[in-house]
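Asker: Please find one structure pasted underneath; my questions will follow.
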Amino acid sequence: MSRILTVIALYLATQTAGANDPVSFARDIRPLLNAKCTGCHGGVKQAGGVSFVYEDQVINFAGDSGNPVVKPGDAEASELFVRVTLPADDSDRMPPADEHPEGLTEHEIQLVKRWINEGAKWSGHWSFEKPTRPDIPVLSEASAPKTGIDAFVLSRLEKDNLSPSPPAKGGRFLRRLSLDLTGLPPTLEELDAFETAYRSDPDAAVAEAVDDLLSRPTFGEKWATMWLDLVRYADSRGLGQDGKRTIWPYRDWVVDAFNEDMPFDQFTIRQIAGDLLPNATISDLIATAAHRNTQTNNEGGTDDEEFRTEAVIDRVNTTWQTWGSITYGCVQCHDHPYEAFRHHEYYEFLAFFNNTADSDLNNDAPLLHVPNNRADYSKARDLDRKIKKLHDEIWKTGNEAAAAAEWKPLPLTHAASSNHTKLEKKEGNGQTLFYTVGTVQRGPDYDLHSEFPADAAPLTGLRLTVLPKDSGKALKDSEWGFEISDLSAATVDLSSPEGKEKPIEFALSIADVPHLPHDPLSVIEPSGKGFEAWSRIHHARSIVLIPKEPLAVAGQRLKIRISNKGYLLGAFPLVVQKGYFETSSDPSLTTFAKSEDQRKKRADLKTKIASRKAIPATAIPVMAERPSSIARPTHVFARGNFLEKDKAVSAGVPASLPPIDSPGPTRLDMAKWWVSEEHPLTSRVFVNRIWEQLFGTGLVATLEDFGSSGEKPSHPALLDYLAVRFRDDHGWSMKKIVRDIVVSSTYRQQAHASEELTARDPNNRLLARGPRGRLSGETLRDQALAISGLLSEKTGGAPVHPPIPDGVWKPFQSGDKWETPGTGKEDRYRRSLYTYIKRSIPYPTFATFDAPSREFCNPRRLVSNTPLQALTMLNDEAFAEAAAGLARRMKYKTEGTISEKVATGYRIATAREPDQARLDELVGLFDKLEAQYRSKPELHKGMAGTADGAAFTIVAQVILNLDEVLTK
Amino acid sequence: MSPETILAELQRSQLEADTRRQFLKTCATGLGGFFLGDQLASAAAGTPNHSPGNPLSLSATHHNPKVKRVIYLHMIGAPSQLELFDYKPELERLDGKPCPQEFLEGKRFAFIQGTPNMMGPQAKFSQHGNSGAWISERLPHLASHADDLCFIKTMQTDQFNHGPAQLMVHTGHAQMGYPSTGSWVTWGMGTENRDLPGFMVLLSGGRLPRVGKALWSSGFLPSVYQGVQCRSTGDPVLNVSNPAGSSREIRRTALDALNRMNQKTHEEFGDPETLTRIAQYEMAFRMQTAVPEVMSIKDEPQHIHEMYGTEPGKESFANNCLLARRLAEQGVRYIQLFDWGWDSHGASKGEALNAGFLDKCKQVDRPISALLTDLKQRGMLEDTLVVWSGEFGRTPMRENRGGQEMALKGRDHNPGAFTLWMAGAGVKPGFTHGETDPIGYSAALNPVPLNDFHATLLHLLGFDHKHLAVPFQGLQQKLTGVNPARVVEGVLA
């Protein structure tokens, strides 16, 4: 078990400085500082004002002692050197003996001295320096590397006096390659063909097989999983209720992107900011669902703003983890303890994500209606654009008309609420404010009255402005919003107050911002929906209502009713807390409302919306930006607490990485920044992930941490070579870089490890042998289905519900049903990728084999080895069905003797012929079992109809559980 | 191949690995080439050292543990401390009066709106035992154990919604994805019974906890440390029974063939994981008899059934209390029980202090008391710790959902104060730690945040919480999180 720790902690270092080489800060000094100094002089604790994370808090910087911490060129005058060389019993000696009893070694002290005397050159951490193309090592002729990759690996092996292993033999190699590229084992026919081709020309056979496998749709199905782990894809919402979420078109988008070999820069930009691309397509919008895989909390009584903030924070952390392998989450609460990231920089980055329209709503809004038929994509998108344009025009012309009119305050004579919510009014600045007092009850109607003098001009417009309760504070800490479900008004003659009320007919209502969840017109229709700040309010919000005809109000009482029926999560009333009215007598408003242009535009809009609705579609959550007029400001959270807002910040990237050139950068600029030529992390990080998928361990073993507390690369030059090749030579082609690796001799080596090699390099970091490792739960199930001949080739679509053990499926929301298709039905045997993923009830087989439950970005799967895995493989319904399938293949589909049938079963599963000992073992097992079943036929009831069928089933079970089948 | 040879093989490869580590360590000081990461050196102090191939084998703790196993009884939904243990006569006087504004300002509630009224205790309290602990009439059986219980009246959490708050109790974090206490503990010290998992979970039936398996997840620790859910109906552990047609004898025959073939694979490829796999298949085989055996309560004597109120074959909290004793007897390290239905808002009959709550109290009172009696009689309370809690407390105000008085009586969520009790090894019996304010709303004296409780629990189990850590995502991850936590010395015996 200590394996994971060993993997995390045991790393191969590049050689330290020799006696004559100059000391390298990144290689020799920074690791030392991180190990022995930054605990107290780092990003969090900065004892004496000294921080070894930042150059300007070290070089020529006088700490509390008054002496420079480091004076370049003069070790004796540098406090750092002085302190580490004090006598052991001196209380000023660093590091303090109680914290670091081991202190610094003489060698380390000499390194520090030499570094200072050589000029104390400071440099960034290795992964923060842009990768450059390294020279390919020149090797002795005997080594004869086939590819660039091999040259780097062999040169390292030569240094360690190790020799590479011979290539893996035909069929075994094809199995490794097929599982790695497509997640499925080769068929018997493929094995035969490959082995024949391999005998005549191994290199050509490999090249051909690689190209064939890369072009199959199963390639994307296999590689999507590692990406979906990172972007925490699931079919449920997580947290409180963990209800169902429809977002599978995004999963299919990822599969397609791998299959189409979408360049990684495009892949990146579309997922982070596809919605902001000019002429964004439906596909570009689907891509943005990557960051809508965040959890939402629909538990009653939860605060939407809290969980919206959680989601935004998760987007920041996931982005840094996925593209940068940086644990940026630390910076949420304080400066990074050991990387050069400042606390405020976290929130500058957060600002890129802080103005998206989603806000932890139960309906997952904003949604994109993805046409079910891809042929409808462009038509749908075209309609969406036209609808948006019409919306914008209607909104713009309306607001221009409202702005051009003259408005004056409306004094109120009466303000009352229909329930426990207390409503009061007061005069100020020439207008009457109405507002609630104390806490509010949900669902009140407000009645607001005003009286017009006898000489009042006819009324042509009514404007309501809704304010947060505390406008100054709400900008930082938004308040619960409001939802005006209906707004109506009537007049009564003042001279006969008991007289009949005359309802006012409104022609139009114009909201202050475009693209609200509901058409603002609904506020004047008895629709129960209307005008809202949903679910939070930062800014003043307003809506203008225009009566059909100028309204004679002279000597009349105007009675306005605001209906506040909205509430959220069973608890939070969405009611207007404060506001005022204004009126206008400007005839231009009536003219505007009656204009033919408006009528036509609105009619046109209605038709287009109807045509869009007629296209059959699946609604999924996507990213969308809020209008800039109501943009959310971003503040630093003191100590990471969202309720304690500190200074305001604007969007930006950390100073320790290359800057973004454009002023006022957007989310799109940030997306492009990750894949810019100057960015030191992205290409390294992604090739490292690919390497880990193929070899089981990354060149940087800590996939989750490229920072200074992560491991150093085992082959730094190889990592840079691959990174530059991926980005520059291959133009970010994922397939090309995968191809480079799998055709290398390094990858093609056999996996056998001699005792000596296991002892010298237990985790195969030096790559003197081929990769070997346990398959994932998903691949194990897919492989079993393929071996048994049951696997469906159907791709994409809504998630499926394969067999699940009784009693596992007990969702918190009982409406979420698990209905398994019957035996023989295709959806029972789909690839594991398509299994419904519910975060609170992970599919048992996958969870048992270490699949993450996808709440958060999961950069690396740990590989465990447990008894529950054995129980799954031996007893789970799906694997029992697979054993029966393989048994049938041996019994009915294979010609020959028992021995030949069993040998074929073995080859189907392992891709090689059994040796005699193994064959004897399997045949012996078959004979023994067959005799047992024959003598007691009741034994095989429920499994097989015949004794030999039962014996084949158990033999198949043994084959499916072989270590060489569970591993690649 | 016989298990002995496998064991010998494993021990040999461990020896080799150790030598290798020693070699690398020596190299680090000067030879160059390889060196051990500093993380390993620093983690080494706290890192468990299991024997190879058996990640559940015993491993030394940081200091001698007083507690060898834990039985944690979680009442999902958060039972009201004000009706059970935290007696507040002052609240009785305020009953029906509007809540003073100062109690409401700056507070966030799940459901309370406007100005709610205060509500006095909805049960009669009296003092019990020599310790004079106040326990209400709702728990008459438990009251007889007053002198065994160690109360913390001032538990605090920073979460006021169920899902995150339950995660806080069991993983020390409000988000999913972190290892649960049971995982940390079995990772840290292994388990005593090689035929059973070290961390087992029992649910009373009814609704599952809303965050589900995340409450017994192993997070970023290997999945061998995750809680194994035992079930009263169907297979007691998922896939523990053989499929039709495969008897135990046939399985043995098949496993023997499988092991021999895997042994060959090991000889061929030299991968130590293959040997571990053989060992895990053997443990699985043993579990197939051990689990059903320990989970079958029907052979318990009649007086035991009467004491617990158990009915074999049913899903119930009472059955689970008896099972907890049986698992503890078998050396299972961490036994987690979840009961449900304690969310007494008053919004429905099942969840009202004057209705469903009364039934819930009856359902758990006798079994908990029986468990304590049973453990004591068997001398197991000497080294077993029983813990009882919810995930937060409830408000001294009566809930007024939608701003109106509701027909039934209930209280809203209150993260500011709740009661937890422990009984058994390592803690002071008949003792109360901490005091809430006169209305039981917040901690007045000796508040105990959850991470202090976690530090204390780990301390009792032999761990320094600062050093039971694993590097993950750039942090030394701990059950107690990044903020400082301290052991609650006051409750230690």
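FYI, nothing fancy with the structure tokens labels: chains A, B, ... in order, residues from 1 per chain, ligands from 1 as they appear.
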Could you give me, as a VMD selection string, each residue of stretch 563-641 of chain A that DSSP assigns to strand (DSSP E or B) when run on this structure's backbone?
Answerer: chain A and resid 563 567 to 568 572 to 573 578 to 584 617 to 621 625 634 to 637
Asker: Extract, using only C-alpha atoms, all DNA, RNA and protein residues at most 8 Å from stretch 393-410 of chain A, discarding same-chain residues fewer than 3 positions from it, and format them as a PyMOL selection string.
Answerer: chain A and resi 389-390+430-432+450+510-514+544+580-586+588-589+592+598+601-602
Asker: Compile the contact shell of B:Gly177 as an MDAnalysis selection string: residues with an atom at most 12 Å away, counting only C-alpha atoms, same-chain residues fewer than 5 positions apart removed.
Answerer: (chainID A and resid 232 238:239 839:840 851:858) or (chainID B and resid 164 167:168 170:172 211:221 226 472 477)
Asker: Kindly save the residues from that selection, with N, CA and C atoms included, as a tab-separated table (two decimals), in the first residue's frame.
Answerer:
chain	number	residue	atom	x	y	z
A	232	ARG	N	-14.81	16.73	-14.15
A	232	ARG	CA	-15.79	16.19	-13.20
A	232	ARG	C	-17.19	16.03	-13.82
A	238	GLY	N	-25.06	16.64	-7.69
A	238	GLY	CA	-24.22	16.66	-6.50
A	238	GLY	C	-24.88	17.29	-5.30
A	239	LEU	N	-24.12	17.38	-4.24
A	239	LEU	CA	-24.54	17.99	-2.96
A	239	LEU	C	-25.95	17.60	-2.51
A	839	ARG	N	-23.46	11.06	-8.68
A	839	ARG	CA	-22.34	11.30	-7.78
A	839	ARG	C	-22.51	10.62	-6.42
A	840	SER	N	-23.73	10.61	-5.86
A	840	SER	CA	-23.89	10.03	-4.53
A	840	SER	C	-24.03	8.52	-4.56
A	851	ALA	N	-12.56	4.33	-9.60
A	851	ALA	CA	-13.04	5.47	-10.38
A	851	ALA	C	-13.49	6.55	-9.40
A	852	PRO	N	-13.19	7.81	-9.69
A	852	PRO	CA	-13.62	8.87	-8.78
A	852	PRO	C	-15.11	9.11	-8.94
A	853	SER	N	-15.74	9.73	-7.94
A	853	SER	CA	-17.18	9.95	-8.06
A	853	SER	C	-17.48	11.31	-8.68
A	854	ARG	N	-16.43	12.00	-9.15
A	854	ARG	CA	-16.61	13.15	-10.04
A	854	ARG	C	-17.24	14.37	-9.38
A	855	GLU	N	-17.03	14.54	-8.08
A	855	GLU	CA	-17.50	15.78	-7.48
A	855	GLU	C	-16.61	16.94	-7.90
A	856	PHE	N	-15.31	16.66	-7.91
A	856	PHE	CA	-14.34	17.68	-8.24
A	856	PHE	C	-13.37	17.13	-9.28
A	857	CYS	N	-12.58	18.03	-9.82
A	857	CYS	CA	-11.52	17.66	-10.74
A	857	CYS	C	-10.70	16.52	-10.14
A	858	ASN	N	-10.58	15.43	-10.87
A	858	ASN	CA	-9.77	14.33	-10.38
A	858	ASN	C	-8.58	14.09	-11.29
B	164	PRO	N	-23.65	19.15	3.48
B	164	PRO	CA	-22.31	19.58	3.88
B	164	PRO	C	-22.01	19.33	5.36
B	167	LEU	N	-21.06	15.77	5.93
B	167	LEU	CA	-19.70	15.56	5.45
B	167	LEU	C	-18.68	16.11	6.45
B	168	MET	N	-18.98	17.26	7.05
B	168	MET	CA	-18.09	17.84	8.06
B	168	MET	C	-17.87	16.86	9.21
B	170	HIS	N	-18.10	13.61	9.24
B	170	HIS	CA	-17.41	12.35	8.95
B	170	HIS	C	-16.12	12.49	8.16
B	171	THR	N	-15.93	13.63	7.49
B	171	THR	CA	-14.68	13.78	6.72
B	171	THR	C	-13.90	15.03	7.11
B	172	GLY	N	-14.49	15.86	7.97
B	172	GLY	CA	-13.80	17.08	8.37
B	172	GLY	C	-13.84	18.17	7.32
B	211	VAL	N	-25.86	12.64	0.89
B	211	VAL	CA	-24.61	12.60	0.12
B	211	VAL	C	-24.10	11.17	-0.03
B	212	GLY	N	-24.89	10.21	0.45
B	212	GLY	CA	-24.62	8.80	0.18
B	212	GLY	C	-23.24	8.36	0.61
B	213	LYS	N	-22.62	7.62	-0.29
B	213	LYS	CA	-21.35	6.98	0.01
B	213	LYS	C	-20.22	7.93	0.38
B	214	ALA	N	-20.42	9.23	0.06
B	214	ALA	CA	-19.35	10.18	0.38
B	214	ALA	C	-19.08	10.21	1.87
B	215	LEU	N	-20.05	9.78	2.70
B	215	LEU	CA	-19.86	9.81	4.15
B	215	LEU	C	-18.94	8.69	4.62
B	216	TRP	N	-18.76	7.66	3.82
B	216	TRP	CA	-17.81	6.60	4.21
B	216	TRP	C	-16.78	6.36	3.11
B	217	SER	N	-16.52	7.40	2.35
B	217	SER	CA	-15.57	7.29	1.25
B	217	SER	C	-14.14	7.29	1.77
B	218	SER	N	-13.24	6.73	0.96
B	218	SER	CA	-11.83	6.80	1.31
B	218	SER	C	-11.17	8.01	0.65
B	219	GLY	N	-11.96	8.83	-0.06
B	219	GLY	CA	-11.41	10.05	-0.67
B	219	GLY	C	-10.18	9.72	-1.48
B	220	PHE	N	-9.07	10.42	-1.16
B	220	PHE	CA	-7.85	10.18	-1.92
B	220	PHE	C	-6.97	9.10	-1.29
B	221	LEU	N	-7.47	8.41	-0.27
B	221	LEU	CA	-6.75	7.23	0.22
B	221	LEU	C	-7.19	6.04	-0.66
B	226	GLN	N	-12.10	2.28	2.18
B	226	GLN	CA	-13.43	2.88	2.24
B	226	GLN	C	-14.34	2.00	3.10
B	472	PHE	N	-1.39	15.47	-0.84
B	472	PHE	CA	-2.31	15.38	-1.98
B	472	PHE	C	-2.64	16.79	-2.43
B	477	GLN	N	-2.63	16.64	3.59
B	477	GLN	CA	-4.06	16.54	3.90
B	477	GLN	C	-4.26	15.80	5.21
Asker: Just give me the gap between atom CA of A:Val800 and atom CA of A:Asp827 in Å, one decimal is fine.
Answerer: 6.3 Å
Asker: Name all residues at most 8 Å from B:Ala407 (count only C-alpha atoms; drop same-chain ones fewer than 2 positions away) and give them as a ChimeraX atom specification.
Answerer: /B:346,405,409
Asker: Write out as a list of chain:residue names each polymer residue whose atoms come within 12 Å of A:Glu208, counting only C-alpha atoms; drop sequence neighbours fewer than 5 positions from it.
Answerer: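 Those residues are A:Leu174, A:Leu177, A:Glu190, A:Ala193, A:Phe194, A:Ala197, A:Tyr198, A:Asp201, A:Pro202, A:Asp203, A:Leu213, A:Leu214, A:Ser215, A:Arg739, A:Val742, A:Val743.
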Asker: Using only C-alpha atoms, which of the listed residues (A:Arg912, A:Lys594, A:Lys613, A:Arg270) sits closest to A:Asp384?
Answerer: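 Comparing A:Arg912, A:Lys594, A:Lys613, A:Arg270 against A:Asp384, the winner is A:Lys613.
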Asker: Could you give me, as a PyMOL selection string, the residues within 6 Å of stretch 546-563 of chain A, counting only C-alpha atoms and dropping anything in the same chain fewer than 6 positions from it?
Answerer: chain A and resi 445-456+458-461+484-494+505-508
Asker: Any chance you can output those residues with N, CA and C atoms as an mmCIF file, in the first residue's frame?
Answerer:
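So the final result, stored in selection25.cif, reads:
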data_model
loop_
_atom_site.group_PDB
_atom_site.id
_atom_site.type_symbol
_atom_site.label_atom_id
_atom_site.label_comp_id
_atom_site.auth_asym_id
_atom_site.auth_seq_id
_atom_site.Cartn_x
_atom_site.Cartn_y
_atom_site.Cartn_z
ATOM 1 N N ASP A 445 -48.651 40.606 -1.742
ATOM 2 C CA ASP A 445 -49.032 41.587 -2.760
ATOM 3 C C ASP A 445 -48.839 42.955 -2.119
ATOM 4 N N TYR A 446 -48.275 43.879 -2.879
ATOM 5 C CA TYR A 446 -48.144 45.249 -2.361
ATOM 6 C C TYR A 446 -49.196 46.122 -3.034
ATOM 7 N N ASP A 447 -49.862 46.925 -2.223
ATOM 8 C CA ASP A 447 -50.767 47.927 -2.781
ATOM 9 C C ASP A 447 -50.162 49.292 -2.557
ATOM 10 N N LEU A 448 -49.993 50.035 -3.667
ATOM 11 C CA LEU A 448 -49.360 51.346 -3.597
ATOM 12 C C LEU A 448 -50.276 52.341 -4.296
ATOM 13 N N HIS A 449 -50.597 53.452 -3.598
ATOM 14 C CA HIS A 449 -51.534 54.434 -4.151
ATOM 15 C C HIS A 449 -50.859 55.775 -4.346
ATOM 16 N N SER A 450 -51.395 56.488 -5.345
ATOM 17 C CA SER A 450 -50.936 57.862 -5.563
ATOM 18 C C SER A 450 -52.141 58.672 -6.024
ATOM 19 N N GLU A 451 -52.166 59.965 -5.664
ATOM 20 C CA GLU A 451 -53.307 60.801 -6.075
ATOM 21 C C GLU A 451 -52.819 61.910 -6.990
ATOM 22 N N PHE A 452 -53.537 62.116 -8.073
ATOM 23 C CA PHE A 452 -53.123 63.116 -9.064
ATOM 24 C C PHE A 452 -53.971 64.373 -8.929
ATOM 25 N N PRO A 453 -53.339 65.529 -9.001
ATOM 26 C CA PRO A 453 -54.096 66.782 -8.926
ATOM 27 C C PRO A 453 -54.989 66.947 -10.159
ATOM 28 N N ALA A 454 -55.895 67.925 -10.061
ATOM 29 C CA ALA A 454 -56.897 68.138 -11.120
ATOM 30 C C ALA A 454 -56.269 68.594 -12.429
ATOM 31 N N ASP A 455 -55.018 69.152 -12.337
ATOM 32 C CA ASP A 455 -54.412 69.645 -13.571
ATOM 33 C C ASP A 455 -53.353 68.696 -14.124
ATOM 34 N N ALA A 456 -53.345 67.470 -13.629
ATOM 35 C CA ALA A 456 -52.298 66.538 -14.068
ATOM 36 C C ALA A 456 -52.445 66.191 -15.550
ATOM 37 N N PRO A 458 -52.057 63.839 -18.928
ATOM 38 C CA PRO A 458 -52.305 62.394 -19.125
ATOM 39 C C PRO A 458 -51.013 61.587 -18.961
ATOM 40 N N LEU A 459 -51.152 60.394 -18.409
ATOM 41 C CA LEU A 459 -49.995 59.550 -18.118
ATOM 42 C C LEU A 459 -49.681 58.649 -19.311
ATOM 43 N N THR A 460 -48.411 58.670 -19.741
ATOM 44 C CA THR A 460 -48.038 57.819 -20.884
ATOM 45 C C THR A 460 -47.024 56.751 -20.493
ATOM 46 N N GLY A 461 -46.460 56.815 -19.279
ATOM 47 C CA GLY A 461 -45.476 55.809 -18.878
ATOM 48 C C GLY A 461 -45.368 55.713 -17.369
ATOM 49 N N ILE A 484 -41.210 39.779 -9.601
ATOM 50 C CA ILE A 484 -42.540 40.388 -9.688
ATOM 51 C C ILE A 484 -43.340 39.515 -10.632
ATOM 52 N N SER A 485 -44.259 38.756 -10.058
ATOM 53 C CA SER A 485 -44.993 37.830 -10.918
ATOM 54 C C SER A 485 -46.031 38.577 -11.760
ATOM 55 N N ASP A 486 -46.655 39.620 -11.193
ATOM 56 C CA ASP A 486 -47.566 40.455 -11.976
ATOM 57 C C ASP A 486 -47.512 41.884 -11.467
ATOM 58 N N LEU A 487 -47.688 42.809 -12.385
ATOM 59 C CA LEU A 487 -47.739 44.212 -12.008
ATOM 60 C C LEU A 487 -48.977 44.799 -12.684
ATOM 61 N N SER A 488 -49.952 45.256 -11.891
ATOM 62 C CA SER A 488 -51.174 45.781 -12.490
ATOM 63 C C SER A 488 -51.506 47.128 -11.872
ATOM 64 N N ALA A 489 -52.387 47.862 -12.519
ATOM 65 C CA ALA A 489 -52.753 49.178 -11.997
ATOM 66 C C ALA A 489 -54.178 49.523 -12.429
ATOM 67 N N ALA A 490 -54.793 50.410 -11.676
ATOM 68 C CA ALA A 490 -56.157 50.850 -11.993
ATOM 69 C C ALA A 490 -56.309 52.282 -11.513
ATOM 70 N N THR A 491 -57.319 52.955 -12.022
ATOM 71 C CA THR A 491 -57.596 54.308 -11.539
ATOM 72 C C THR A 491 -58.996 54.358 -10.937
ATOM 73 N N VAL A 492 -59.158 55.252 -9.970
ATOM 74 C CA VAL A 492 -60.470 55.502 -9.364
ATOM 75 C C VAL A 492 -60.647 57.004 -9.271
ATOM 76 N N ASP A 493 -61.833 57.438 -9.569
ATOM 77 C CA ASP A 493 -62.102 58.872 -9.507
ATOM 78 C C ASP A 493 -62.067 59.336 -8.054
ATOM 79 N N LEU A 494 -61.259 60.385 -7.776
ATOM 80 C CA LEU A 494 -61.106 60.869 -6.407
ATOM 81 C C LEU A 494 -62.393 61.478 -5.880
ATOM 82 N N GLU A 505 -54.939 49.326 -19.149
ATOM 83 C CA GLU A 505 -54.392 48.351 -20.098
ATOM 84 C C GLU A 505 -53.027 48.840 -20.569
ATOM 85 N N PHE A 506 -52.020 47.959 -20.372
ATOM 86 C CA PHE A 506 -50.681 48.331 -20.811
ATOM 87 C C PHE A 506 -50.377 47.713 -22.171
ATOM 88 N N ALA A 507 -49.661 48.472 -22.959
ATOM 89 C CA ALA A 507 -49.291 47.973 -24.283
ATOM 90 C C ALA A 507 -47.949 47.239 -24.241
ATOM 91 N N LEU A 508 -47.034 47.787 -23.502
ATOM 92 C CA LEU A 508 -45.664 47.285 -23.515
ATOM 93 C C LEU A 508 -45.049 47.367 -22.135
#
Asker: Of the residues B:Val488, B:Ala347, B:Val224, B:Ala244, which is the one nearest to B:Gly182, using only C-alpha atoms?
Answerer: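 Counting only C-alpha atoms, the residue closest to B:Gly182 is B:Val224.
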Asker: I'd like the contact shell of stretch 73-84 of chain A - 7 Å cut-off, only C-alpha atoms, skipping same-chain residues fewer than 5 positions apart - returned as a count of residues only.
Answerer: 13
Asker: Which of these, A:Glu596, A:Glu108, A:Glu704, A:Glu221, has the shortest distance to A:Trp320 once you count only C-alpha atoms?
Answerer: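 Ranking A:Glu596, A:Glu108, A:Glu704, A:Glu221 by distance to A:Trp320, first place goes to A:Glu704.
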Asker: How far is it from atom CA of B:Ile439 to atom CA of B:Leu91, in Å with one decimal?
Answerer: 5.1 Å
Asker: What does the distance from atom CA of A:Leu757 to atom CA of A:Glu158 come to in Å, to one decimal?
Answerer: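 So the two atoms, atom CA of A:Leu757 and atom CA of A:Glu158, lie 14.2 Å apart.
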Asker: Which one of B:Phe392, B:Phe357, B:Phe463, B:Trp421 sits closest to B:Leu408 if you count only C-alpha atoms?
Answerer: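 Distance minimum relative to B:Leu408 lands on B:Phe357.
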